[in-house]
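Below: data_39.cif (mmCIF, C-alpha atoms)
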```cif
data_structure
#
loop_
_atom_site.label_atom_id
_atom_site.label_comp_id
_atom_site.auth_asym_id
_atom_site.auth_seq_id
_atom_site.Cartn_x
_atom_site.Cartn_y
_atom_site.Cartn_z
CA MET A 1 -85.93 -50.50 -106.46
CA SER A 2 -85.56 -51.16 -102.74
CA GLU A 3 -83.56 -54.41 -103.42
CA GLU A 4 -81.16 -52.53 -105.63
CA LYS A 5 -80.68 -50.05 -102.85
CA LYS A 6 -79.75 -52.81 -100.38
CA GLN A 7 -76.91 -53.99 -102.61
CA GLN A 8 -75.40 -50.57 -102.59
CA VAL A 9 -73.23 -49.42 -99.69
CA SER A 10 -75.43 -48.25 -96.87
CA ARG A 11 -74.75 -45.06 -95.01
CA ARG A 12 -73.75 -47.07 -91.93
CA GLN A 13 -71.26 -49.21 -93.88
CA PHE A 14 -69.86 -46.20 -95.66
CA LEU A 15 -69.22 -44.43 -92.37
CA ASN A 16 -67.67 -47.59 -90.91
CA TYR A 17 -65.25 -47.99 -93.78
CA THR A 18 -64.23 -44.36 -93.73
CA LEU A 19 -63.70 -44.31 -89.99
CA MET A 20 -61.71 -47.54 -90.12
CA GLY A 21 -59.57 -46.17 -92.93
CA VAL A 22 -58.86 -42.86 -91.26
CA GLY A 23 -58.45 -44.51 -87.86
CA GLY A 24 -56.02 -46.99 -89.34
CA PHE A 25 -53.87 -44.21 -90.76
CA MET A 26 -53.89 -42.42 -87.43
CA ALA A 27 -52.91 -45.57 -85.55
CA ALA A 28 -50.14 -46.26 -88.04
CA GLY A 29 -48.93 -42.70 -87.63
CA LEU A 30 -48.84 -43.09 -83.87
CA LEU A 31 -47.15 -46.47 -84.00
CA ILE A 32 -44.44 -45.70 -86.52
CA SER A 33 -42.07 -43.86 -84.19
CA PRO A 34 -42.17 -46.39 -81.32
CA VAL A 35 -41.72 -49.21 -83.81
CA ARG A 36 -38.78 -47.42 -85.41
CA MET A 37 -37.24 -47.04 -81.98
CA ALA A 38 -37.87 -50.65 -81.07
CA ILE A 39 -36.11 -52.00 -84.15
CA ASP A 40 -33.42 -49.34 -84.17
CA PRO A 41 -30.67 -51.58 -82.74
CA VAL A 42 -31.24 -53.94 -85.67
CA LEU A 43 -30.75 -51.13 -88.16
CA LYS A 44 -27.51 -49.95 -86.58
CA ALA A 45 -24.24 -51.17 -88.05
CA ALA A 46 -22.98 -54.39 -86.55
CA GLY A 47 -20.33 -54.27 -83.83
CA GLY A 48 -20.49 -53.49 -80.17
CA GLY A 49 -22.19 -50.12 -80.54
CA ASP A 50 -19.48 -47.57 -79.89
CA LEU A 51 -17.22 -50.21 -78.44
CA ALA A 52 -14.54 -51.57 -80.72
CA ASN A 53 -13.16 -55.08 -80.89
CA VAL A 54 -9.51 -54.70 -79.98
CA GLY A 55 -8.56 -58.15 -81.21
CA LEU A 56 -7.69 -59.63 -77.85
CA ALA A 57 -9.32 -62.75 -76.44
CA VAL A 58 -10.20 -62.57 -72.77
CA ASP A 59 -8.40 -65.87 -72.21
CA ASP A 60 -5.16 -64.25 -73.35
CA ILE A 61 -5.36 -61.54 -70.70
CA THR A 62 -3.05 -62.25 -67.80
CA SER A 63 -2.33 -60.51 -64.56
CA ASP A 64 0.56 -58.74 -66.30
CA PRO A 65 -0.59 -55.58 -68.06
CA GLN A 66 -0.17 -55.82 -71.83
CA ARG A 67 -0.55 -53.09 -74.38
CA VAL A 68 -3.24 -53.35 -77.05
CA ASP A 69 -3.54 -51.01 -80.02
CA TRP A 70 -6.58 -50.51 -82.19
CA SER A 71 -8.07 -47.78 -84.32
CA VAL A 72 -11.48 -46.15 -84.46
CA ASP A 73 -13.11 -43.86 -87.00
CA GLN A 74 -13.57 -40.38 -85.70
CA VAL A 75 -15.26 -37.42 -87.31
CA ASP A 76 -13.41 -34.37 -86.12
CA GLY A 77 -14.77 -31.16 -87.58
CA TRP A 78 -13.41 -31.20 -91.12
CA TYR A 79 -11.87 -34.59 -91.17
CA GLU A 80 -13.08 -38.11 -90.87
CA SER A 81 -10.04 -39.93 -89.73
CA GLN A 82 -8.80 -43.08 -88.13
CA VAL A 83 -7.58 -42.53 -84.63
CA ASN A 84 -5.19 -44.94 -83.01
CA ARG A 85 -5.93 -45.90 -79.47
CA SER A 86 -4.05 -47.97 -76.95
CA ALA A 87 -4.78 -49.51 -73.61
CA TRP A 88 -3.01 -51.42 -70.87
CA VAL A 89 -5.08 -54.50 -70.15
CA TYR A 90 -4.78 -57.01 -67.33
CA LYS A 91 -6.80 -59.08 -64.89
CA ASN A 92 -6.80 -57.91 -61.31
CA ASP A 93 -6.81 -60.09 -58.20
CA SER A 94 -10.56 -60.65 -58.37
CA ASP A 95 -10.22 -61.77 -62.01
CA GLU A 96 -11.83 -58.61 -63.34
CA VAL A 97 -10.53 -57.29 -66.65
CA ILE A 98 -9.09 -53.80 -66.29
CA ALA A 99 -8.24 -51.55 -69.26
CA PHE A 100 -6.37 -48.34 -68.53
CA SER A 101 -5.84 -45.49 -70.94
CA PRO A 102 -2.11 -44.97 -71.34
CA VAL A 103 -2.46 -41.21 -71.40
CA CYS A 104 -0.67 -39.65 -68.45
CA LYS A 105 -2.92 -37.38 -66.41
CA HIS A 106 -0.14 -34.86 -66.06
CA LEU A 107 0.42 -33.55 -69.59
CA GLY A 108 -0.70 -36.42 -71.78
CA CYS A 109 2.39 -38.47 -72.56
CA VAL A 110 2.03 -42.21 -73.05
CA VAL A 111 2.82 -44.25 -69.98
CA SER A 112 4.10 -47.80 -70.05
CA TRP A 113 3.98 -50.67 -67.64
CA GLU A 114 7.34 -51.06 -65.93
CA GLY A 115 8.64 -48.34 -68.25
CA SER A 116 11.50 -47.73 -65.85
CA ASP A 117 13.75 -50.38 -64.34
CA GLN A 118 13.86 -48.41 -61.13
CA TYR A 119 10.13 -48.76 -60.52
CA PRO A 120 8.98 -52.33 -61.10
CA ASN A 121 5.26 -53.08 -60.84
CA GLU A 122 4.27 -49.53 -61.70
CA PHE A 123 3.15 -47.58 -64.73
CA PHE A 124 5.82 -45.08 -65.67
CA CYS A 125 5.59 -41.86 -67.69
CA PRO A 126 8.87 -41.12 -69.49
CA CYS A 127 8.30 -37.38 -69.76
CA HIS A 128 8.45 -36.25 -66.17
CA ASP A 129 8.85 -39.50 -64.25
CA GLY A 130 5.17 -39.71 -63.34
CA ARG A 131 4.23 -43.03 -61.75
CA TYR A 132 1.04 -45.00 -61.13
CA TYR A 133 0.44 -48.13 -59.07
CA LYS A 134 -0.90 -51.20 -60.82
CA ASP A 135 -4.47 -50.21 -59.90
CA GLY A 136 -3.97 -46.98 -61.87
CA VAL A 137 -3.73 -44.69 -58.86
CA ASN A 138 -1.05 -42.03 -59.14
CA VAL A 139 1.94 -42.34 -56.83
CA PRO A 140 1.86 -39.34 -54.47
CA GLY A 141 4.77 -36.99 -54.92
CA THR A 142 5.06 -37.60 -58.69
CA PRO A 143 3.72 -35.03 -61.18
CA PRO A 144 0.33 -36.63 -62.06
CA LEU A 145 -2.54 -35.49 -59.85
CA ALA A 146 -5.16 -38.03 -60.87
CA PRO A 147 -5.38 -41.78 -61.51
CA LEU A 148 -5.29 -43.18 -65.06
CA ASP A 149 -8.55 -43.20 -67.00
CA GLU A 150 -10.33 -46.49 -67.51
CA TYR A 151 -11.90 -47.63 -70.76
CA GLU A 152 -15.55 -48.52 -71.07
CA MET A 153 -15.51 -52.23 -71.54
CA GLU A 154 -17.60 -55.15 -72.68
CA ILE A 155 -16.84 -58.80 -73.22
CA LYS A 156 -18.64 -60.48 -76.08
CA ASP A 157 -18.02 -64.00 -77.39
CA GLY A 158 -14.83 -64.13 -75.37
CA MET A 159 -13.42 -61.02 -77.08
CA LEU A 160 -12.62 -57.71 -75.45
CA PHE A 161 -14.45 -54.60 -76.66
CA LEU A 162 -13.33 -51.15 -75.54
CA GLY A 163 -15.04 -47.79 -75.86
CA ASP A 164 -14.14 -44.36 -74.58
CA PRO A 165 -11.88 -43.59 -71.63
CA LYS A 166 -13.76 -42.64 -68.46
CA PRO A 167 -12.39 -41.34 -65.17
CA HIS A 168 -10.93 -43.95 -62.88
CA ARG A 169 -13.52 -45.60 -60.62
CA GLU A 170 -11.84 -44.18 -57.52
CA ALA A 171 -11.58 -40.67 -58.93
CA MET B 1 1.77 -30.63 -77.93
CA LYS B 2 0.79 -29.81 -81.46
CA TRP B 3 0.79 -26.45 -83.19
CA ARG B 4 -2.85 -25.81 -82.38
CA LYS B 5 -4.65 -23.13 -80.45
CA ASP B 6 -5.76 -25.42 -77.64
CA ASP B 7 -2.37 -27.02 -77.19
CA LEU B 8 -0.51 -23.73 -77.26
CA GLU B 9 -2.79 -22.27 -74.63
CA LYS B 10 -1.96 -25.30 -72.52
CA TYR B 11 1.73 -24.83 -73.33
CA VAL B 12 1.78 -21.30 -71.98
CA GLN B 13 0.39 -22.62 -68.69
CA ALA B 14 2.84 -25.51 -68.40
CA LYS B 15 6.00 -24.08 -69.97
CA GLU B 16 8.37 -25.41 -67.37
CA TYR B 17 7.54 -29.00 -68.31
CA ILE B 18 7.92 -28.70 -72.07
CA ASP B 19 11.55 -28.39 -72.98
CA THR B 20 11.82 -30.10 -76.38
CA ILE B 21 10.94 -28.84 -79.80
CA LEU B 22 10.28 -31.18 -82.72
CA VAL B 23 10.76 -29.88 -86.27
CA PRO B 24 10.07 -32.00 -89.35
CA LEU B 25 12.35 -30.97 -92.24
CA VAL B 26 10.40 -31.23 -95.50
CA PRO B 27 11.98 -30.72 -98.94
CA PHE B 28 9.99 -29.27 -101.80
CA GLN B 29 10.61 -29.44 -105.55
CA LEU B 30 8.54 -29.28 -108.74
CA THR B 31 11.28 -29.98 -111.30
CA ASN B 32 11.76 -33.67 -111.42
CA ASP B 33 8.59 -35.55 -112.39
CA ALA B 34 10.01 -38.90 -111.41
CA ASP B 35 10.54 -37.88 -107.80
CA LEU B 36 7.35 -35.89 -107.23
CA GLY B 37 5.35 -38.84 -105.97
CA LYS B 38 8.17 -40.02 -103.75
CA ASN B 39 8.72 -36.57 -102.26
CA ALA B 40 5.06 -36.08 -101.51
CA PHE B 41 4.87 -39.54 -100.01
CA GLN B 42 7.82 -38.84 -97.76
CA GLN B 43 6.19 -35.63 -96.66
CA GLU B 44 3.07 -37.58 -95.71
CA VAL B 45 5.07 -40.17 -93.82
CA ILE B 46 7.27 -37.68 -91.98
CA THR B 47 4.11 -35.89 -90.87
CA ILE B 48 2.77 -39.14 -89.49
CA PHE B 49 6.06 -39.86 -87.75
CA ALA B 50 6.13 -36.41 -86.20
CA ASN B 51 2.53 -36.67 -85.03
CA GLU B 52 3.05 -40.10 -83.54
CA ILE B 53 6.22 -39.11 -81.69
CA GLU B 54 4.42 -36.04 -80.41
CA GLN B 55 1.59 -38.23 -79.18
CA GLU B 56 3.91 -40.54 -77.27
CA LEU B 57 5.71 -37.67 -75.59
CA SER B 58 3.16 -34.88 -75.81
CA GLY B 59 3.75 -33.67 -72.26
CA ARG B 60 7.30 -32.66 -72.98
CA VAL B 61 7.48 -32.08 -76.73
CA LEU B 62 6.14 -29.25 -78.84
CA LEU B 63 5.71 -30.08 -82.52
CA ILE B 64 6.16 -26.88 -84.50
CA PRO B 65 5.28 -26.31 -88.18
CA SER B 66 7.45 -28.16 -90.69
CA TYR B 67 10.57 -26.47 -91.96
CA LEU B 68 10.19 -26.30 -95.76
CA TYR B 69 13.08 -25.81 -98.16
CA LEU B 70 13.93 -26.26 -101.82
CA LYS B 71 15.29 -29.73 -102.37
CA ASP B 72 18.23 -28.60 -104.48
CA GLY B 73 18.73 -25.28 -102.77
CA ASP B 74 22.01 -24.20 -101.22
CA LYS B 75 22.33 -26.19 -98.01
CA ALA B 76 24.67 -23.65 -96.42
CA ILE B 77 21.91 -21.04 -96.61
CA GLU B 78 19.34 -23.52 -95.33
CA VAL B 79 21.53 -24.45 -92.39
CA GLU B 80 21.80 -20.82 -91.45
CA ARG B 81 18.07 -20.25 -91.81
CA LEU B 82 17.22 -23.37 -89.85
CA ASN B 83 19.57 -22.29 -87.08
CA GLN B 84 17.66 -19.02 -86.97
CA TRP B 85 14.47 -21.01 -86.44
CA ILE B 86 16.08 -22.84 -83.58
CA SER B 87 17.42 -19.70 -81.98
CA GLU B 88 13.88 -18.30 -82.25
CA THR B 89 12.66 -21.19 -80.10
CA LYS B 90 15.25 -20.27 -77.48
CA ASN B 91 13.10 -17.26 -76.65
CA GLN B 92 11.17 -19.83 -74.65
CA PRO B 93 12.80 -22.21 -72.21
CA PHE B 94 13.47 -25.00 -74.73
CA LYS B 95 16.54 -27.08 -74.07
CA HIS B 96 16.38 -29.57 -76.93
CA SER B 97 15.64 -29.23 -80.63
CA ILE B 98 14.99 -32.42 -82.53
CA LEU B 99 15.09 -32.20 -86.33
CA LEU B 100 13.30 -35.03 -88.08
CA THR B 101 14.03 -35.81 -91.73
CA PHE B 102 14.21 -38.40 -94.51
CA ASP B 103 16.59 -36.20 -96.51
CA SER B 104 20.10 -37.59 -96.12
CA SER B 105 21.70 -34.42 -97.46
CA TRP B 106 21.31 -32.88 -94.00
CA LYS B 107 23.60 -35.55 -92.63
CA LYS B 108 26.66 -33.81 -94.14
CA HIS B 109 25.79 -30.60 -92.35
CA GLU B 110 24.85 -32.19 -89.07
CA LYS B 111 27.72 -30.57 -87.17
CA GLU B 112 26.76 -27.07 -88.24
CA LEU B 113 23.20 -27.53 -87.00
CA VAL B 114 22.32 -26.27 -83.56
CA GLY B 115 19.72 -28.99 -83.02
CA ASP B 116 19.90 -32.78 -82.94
CA LEU B 117 19.31 -34.32 -86.35
CA LEU B 118 17.28 -37.51 -86.48
CA TRP B 119 17.66 -38.90 -89.97
CA ILE B 120 15.30 -41.77 -90.74
CA PRO B 121 16.42 -43.98 -93.63
CA GLY B 122 14.18 -46.18 -95.73
CA VAL B 123 10.56 -45.49 -96.57
CA GLN B 124 10.73 -44.76 -100.28
CA THR B 125 7.24 -45.67 -101.30
CA GLY B 126 4.35 -47.89 -100.31
CA ASP B 127 0.75 -47.82 -99.22
CA ILE B 128 0.39 -45.56 -96.23
CA HIS B 129 -2.79 -47.29 -95.09
CA SER B 130 -1.54 -50.84 -95.31
CA LYS B 131 -1.20 -52.85 -92.17
CA GLU B 132 2.51 -53.51 -92.73
CA MET B 133 3.22 -49.82 -93.10
CA GLN B 134 1.32 -49.00 -89.93
CA GLU B 135 3.18 -51.66 -88.00
CA MET B 136 6.49 -50.47 -89.39
CA ILE B 137 5.71 -46.89 -88.43
CA ARG B 138 4.56 -47.89 -84.94
CA ASP B 139 7.77 -49.84 -84.48
CA GLN B 140 9.99 -47.03 -85.67
CA VAL B 141 8.10 -44.48 -83.62
CA SER B 142 8.73 -46.33 -80.40
CA GLN B 143 12.44 -46.50 -81.24
CA LEU B 144 12.52 -42.83 -82.19
CA SER B 145 10.81 -41.86 -78.93
CA GLU B 146 13.49 -43.86 -77.20
CA ILE B 147 16.17 -41.77 -78.94
CA VAL B 148 14.39 -38.54 -78.07
CA ARG B 149 14.24 -39.66 -74.45
CA SER B 150 17.97 -40.38 -74.47
CA TYR B 151 18.60 -36.68 -75.05
CA TRP B 152 16.75 -35.79 -71.83
#
```

Kindly transcribe the structure held in the file into structure tokens.
Amino acid sequence: MSEEKKQQVSRRQFLNYTLMGVGGFMAAGLLISPVRMAIDPVLKAAGGGDLANVGLAVDDITSDPQRVDWSVDQVDGWYESQVNRSAWVYKNDSDEVIAFSPVCKHLGCVVSWEGSDQYPNEFFCPCHDGRYYKDGVNVPGTPPLAPLDEYEMEIKDGMLFLGDPKPHREA
Amino acid sequence: MKWRKDDLEKYVQAKEYIDTILVPLVPFQLTNDADLGKNAFQQEVITIFANEIEQELSGRVLLIPSYLYLKDGDKAIEVERLNQWISETKNQPFKHSILLTFDSSWKKHEKELVGDLLWIPGVQTGDIHSKEMQEMIRDQVSQLSEIVRSYW
């Protein structure tokens, strides 16, 4: 009778198992959110986060600003649409890659590098003759009141990735 | 500037800088089955053209709603009505009116129009999302902006 009893689960064992079971669930519950956060980058779609590959190799960037065009998906209220973006990209004297938004800070026209023969080595806005120096700073006395915006930027595997335009570093 | 609340509020503040109006001319018909697709496609493309030109020159151009007309309607009447549209815009300090169209029938009436007609040939059909089409449009848009600028 007493031997049979020993083979059965004792009170102590029973309590141990239950506590381990319940404790395990609680621990799992506590762990699941940090773990989800830790592996979150893996679950995100590939690509440089919000930065987009603009299809330009860093080696191809020269000290002369060149225009790059790319498109990003944008959800805008009712529509999910592709938005075209452009940038003027060049390497400055300290070999840093600079990407300016071409949107004029005056009223939003698209500026171009050396867009006017009269003003070499400057960004030129065709709408109201706004001008910017090569470092993006607005030429005093022309309509724009702020320097050109700069894109968020990352270089991965020798390719240029651009994100959203941010105010100029000197602004 | 586009025909949107935000942009128009900005326009009222900056009137003196915006002196050009852009009007897409869009024909409409529901008679001829064979042309329906083509007409709708051209409407899509002209909208893209107008939006892109506006984007290039947004600080000086106001894109107003498209002018719609019956494709086979009496052009003389349309010319008169369109001129009324343009004279309506003169209530604000607009100096230039650019009329954008794929419809070559306007070409014959160009002289009677108060605005400057920009007739774009080509684009009959195709895939609007294809890379070639986008490149073609981008190319044409930069040339069209050039023409618009030559009026200034």

Next on the checklist: Applying 9 Å and only C-alpha atoms, which residues near Glu112 of chain B remain after dropping the ones on its own chain fewer than 3 positions away? List them as a PyMOL selection string.
Outcome noted: chain B and resi 79-80+83+108-109+115

Nearest to chain B, restricted to all atoms listed in the file and choosing among A:Pro120, A:Pro65, A:Gly136, A:Pro102, comes out as A:Pro102

Original post:
Applied to this file, what does the PyMOL selection byres ((chain A) within 6 of (chain B)) return in terms of residues, put as an NGL selection string?
Top reply: :A and (107-110 or 127)

| message | Using all atoms listed in the file, which protein or nucleic acid residues come within 12 Å of segment 34-37 of chain B? Drop anything in the same chain fewer than 5 positions from it, and give the result as a list in words. | response |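 Skipping anything fewer than 5 positions along the chain leaves Pro27, Phe28, Gln29, Gln42, Gln43, Glu44, Lys71, Gln124, Thr125 and Gly126 of chain B.
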
So that I have them on file, write out the residues from the current selection with C-alpha atoms, as a PDB file, in the frame of the given file.
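New file part-v2.pdb:
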```pdb
ATOM      1  CA  PRO B  27      11.980 -30.720 -98.940  1.00  0.00           C
ATOM      2  CA  PHE B  28       9.990 -29.270-101.800  1.00  0.00           C
ATOM      3  CA  GLN B  29      10.610 -29.440-105.550  1.00  0.00           C
ATOM      4  CA  GLN B  42       7.820 -38.840 -97.760  1.00  0.00           C
ATOM      5  CA  GLN B  43       6.190 -35.630 -96.660  1.00  0.00           C
ATOM      6  CA  GLU B  44       3.070 -37.580 -95.710  1.00  0.00           C
ATOM      7  CA  LYS B  71      15.290 -29.730-102.370  1.00  0.00           C
ATOM      8  CA  GLN B 124      10.730 -44.760-100.280  1.00  0.00           C
ATOM      9  CA  THR B 125       7.240 -45.670-101.300  1.00  0.00           C
ATOM     10  CA  GLY B 126       4.350 -47.890-100.310  1.00  0.00           C
TER      11      GLY B 126
END
```

*For Tyr132 of chain A, work out the shell of residues within 6 Å, counting only C-alpha atoms and skipping chain neighbours fewer than 2 positions away, then give it as an NGL selection string.*
:A and (122-123 or 136-139)

Of B:Glu110, B:Glu132, B:Asp72, B:Asp127, the one nearest to Ile98 of chain B when counting all atoms listed in the file is B:Glu110

Output the residue selection produced by the PyMOL selection byres ((chain B and resi 103) around 9) on the file above, formatted as an mmCIF file with C-alpha atoms, in the coordinates of the input.
```cif
data_model
loop_
_atom_site.group_PDB
_atom_site.id
_atom_site.type_symbol
_atom_site.label_atom_id
_atom_site.label_comp_id
_atom_site.auth_asym_id
_atom_site.auth_seq_id
_atom_site.Cartn_x
_atom_site.Cartn_y
_atom_site.Cartn_z
ATOM 1 C CA LEU B 25 12.350 -30.970 -92.240
ATOM 2 C CA VAL B 26 10.400 -31.230 -95.500
ATOM 3 C CA PRO B 27 11.980 -30.720 -98.940
ATOM 4 C CA LYS B 71 15.290 -29.730 -102.370
ATOM 5 C CA THR B 101 14.030 -35.810 -91.730
ATOM 6 C CA PHE B 102 14.210 -38.400 -94.510
ATOM 7 C CA SER B 104 20.100 -37.590 -96.120
ATOM 8 C CA SER B 105 21.700 -34.420 -97.460
ATOM 9 C CA TRP B 106 21.310 -32.880 -94.000
ATOM 10 C CA LYS B 107 23.600 -35.550 -92.630
ATOM 11 C CA TRP B 119 17.660 -38.900 -89.970
ATOM 12 C CA ILE B 120 15.300 -41.770 -90.740
ATOM 13 C CA PRO B 121 16.420 -43.980 -93.630
#
```

_Result set of the PyMOL selection byres ((chain A and resi 52) around 9) on the coordinates above, as a PyMOL selection string_ = chain A and resi 47-51+53-55+70-72+160-163

Generate the missing atoms of segment 64-83 of chain A up to N, CA and C atoms and report them as a PDB file, in the coordinates of the input.
```pdb
ATOM      1  N   ASP A  64      -0.441 -59.733 -65.892  1.00  0.00           N
ATOM      2  CA  ASP A  64       0.560 -58.740 -66.300  1.00  0.00           C
ATOM      3  C   ASP A  64      -0.061 -57.807 -67.331  1.00  0.00           C
ATOM      4  N   PRO A  65      -0.008 -56.505 -67.092  1.00  0.00           N
ATOM      5  CA  PRO A  65      -0.590 -55.580 -68.060  1.00  0.00           C
ATOM      6  C   PRO A  65       0.086 -55.728 -69.423  1.00  0.00           C
ATOM      7  N   GLN A  66      -0.721 -55.805 -70.474  1.00  0.00           N
ATOM      8  CA  GLN A  66      -0.170 -55.820 -71.830  1.00  0.00           C
ATOM      9  C   GLN A  66      -0.815 -54.703 -72.621  1.00  0.00           C
ATOM     10  N   ARG A  67      -0.052 -54.222 -73.607  1.00  0.00           N
ATOM     11  CA  ARG A  67      -0.550 -53.090 -74.380  1.00  0.00           C
ATOM     12  C   ARG A  67      -1.320 -53.588 -75.590  1.00  0.00           C
ATOM     13  N   VAL A  68      -2.507 -53.045 -75.818  1.00  0.00           N
ATOM     14  CA  VAL A  68      -3.240 -53.350 -77.050  1.00  0.00           C
ATOM     15  C   VAL A  68      -3.436 -52.046 -77.823  1.00  0.00           C
ATOM     16  N   ASP A  69      -3.336 -52.162 -79.145  1.00  0.00           N
ATOM     17  CA  ASP A  69      -3.540 -51.010 -80.020  1.00  0.00           C
ATOM     18  C   ASP A  69      -4.673 -51.311 -80.973  1.00  0.00           C
ATOM     19  N   TRP A  70      -5.533 -50.339 -81.197  1.00  0.00           N
ATOM     20  CA  TRP A  70      -6.580 -50.510 -82.190  1.00  0.00           C
ATOM     21  C   TRP A  70      -6.889 -49.137 -82.756  1.00  0.00           C
ATOM     22  N   SER A  71      -7.738 -49.102 -83.780  1.00  0.00           N
ATOM     23  CA  SER A  71      -8.070 -47.780 -84.320  1.00  0.00           C
ATOM     24  C   SER A  71      -9.572 -47.648 -84.479  1.00  0.00           C
ATOM     25  N   VAL A  72     -10.053 -46.437 -84.313  1.00  0.00           N
ATOM     26  CA  VAL A  72     -11.480 -46.150 -84.460  1.00  0.00           C
ATOM     27  C   VAL A  72     -11.652 -45.003 -85.445  1.00  0.00           C
ATOM     28  N   ASP A  73     -12.804 -44.989 -86.115  1.00  0.00           N
ATOM     29  CA  ASP A  73     -13.110 -43.860 -87.000  1.00  0.00           C
ATOM     30  C   ASP A  73     -13.605 -42.710 -86.159  1.00  0.00           C
ATOM     31  N   GLN A  74     -13.121 -41.537 -86.478  1.00  0.00           N
ATOM     32  CA  GLN A  74     -13.570 -40.380 -85.700  1.00  0.00           C
ATOM     33  C   GLN A  74     -13.820 -39.232 -86.652  1.00  0.00           C
ATOM     34  N   VAL A  75     -14.984 -38.607 -86.521  1.00  0.00           N
ATOM     35  CA  VAL A  75     -15.260 -37.420 -87.310  1.00  0.00           C
ATOM     36  C   VAL A  75     -14.909 -36.231 -86.443  1.00  0.00           C
ATOM     37  N   ASP A  76     -13.962 -35.432 -86.947  1.00  0.00           N
ATOM     38  CA  ASP A  76     -13.410 -34.370 -86.120  1.00  0.00           C
ATOM     39  C   ASP A  76     -13.488 -33.072 -86.899  1.00  0.00           C
ATOM     40  N   GLY A  77     -14.625 -32.407 -86.829  1.00  0.00           N
ATOM     41  CA  GLY A  77     -14.770 -31.160 -87.580  1.00  0.00           C
ATOM     42  C   GLY A  77     -14.684 -31.412 -89.062  1.00  0.00           C
ATOM     43  N   TRP A  78     -13.554 -31.096 -89.670  1.00  0.00           N
ATOM     44  CA  TRP A  78     -13.410 -31.200 -91.120  1.00  0.00           C
ATOM     45  C   TRP A  78     -13.045 -32.585 -91.586  1.00  0.00           C
ATOM     46  N   TYR A  79     -12.438 -33.341 -90.705  1.00  0.00           N
ATOM     47  CA  TYR A  79     -11.870 -34.590 -91.170  1.00  0.00           C
ATOM     48  C   TYR A  79     -12.599 -35.789 -90.597  1.00  0.00           C
ATOM     49  N   GLU A  80     -12.723 -36.815 -91.424  1.00  0.00           N
ATOM     50  CA  GLU A  80     -13.080 -38.110 -90.870  1.00  0.00           C
ATOM     51  C   GLU A  80     -11.806 -38.913 -90.906  1.00  0.00           C
ATOM     52  N   SER A  81     -11.352 -39.315 -89.735  1.00  0.00           N
ATOM     53  CA  SER A  81     -10.040 -39.930 -89.730  1.00  0.00           C
ATOM     54  C   SER A  81     -10.042 -41.160 -88.839  1.00  0.00           C
ATOM     55  N   GLN A  82      -8.999 -41.943 -89.000  1.00  0.00           N
ATOM     56  CA  GLN A  82      -8.800 -43.080 -88.130  1.00  0.00           C
ATOM     57  C   GLN A  82      -7.917 -42.645 -86.988  1.00  0.00           C
ATOM     58  N   VAL A  83      -8.360 -42.920 -85.794  1.00  0.00           N
ATOM     59  CA  VAL A  83      -7.580 -42.530 -84.630  1.00  0.00           C
ATOM     60  C   VAL A  83      -7.053 -43.795 -83.970  1.00  0.00           C
TER      61      VAL A  83
END
```
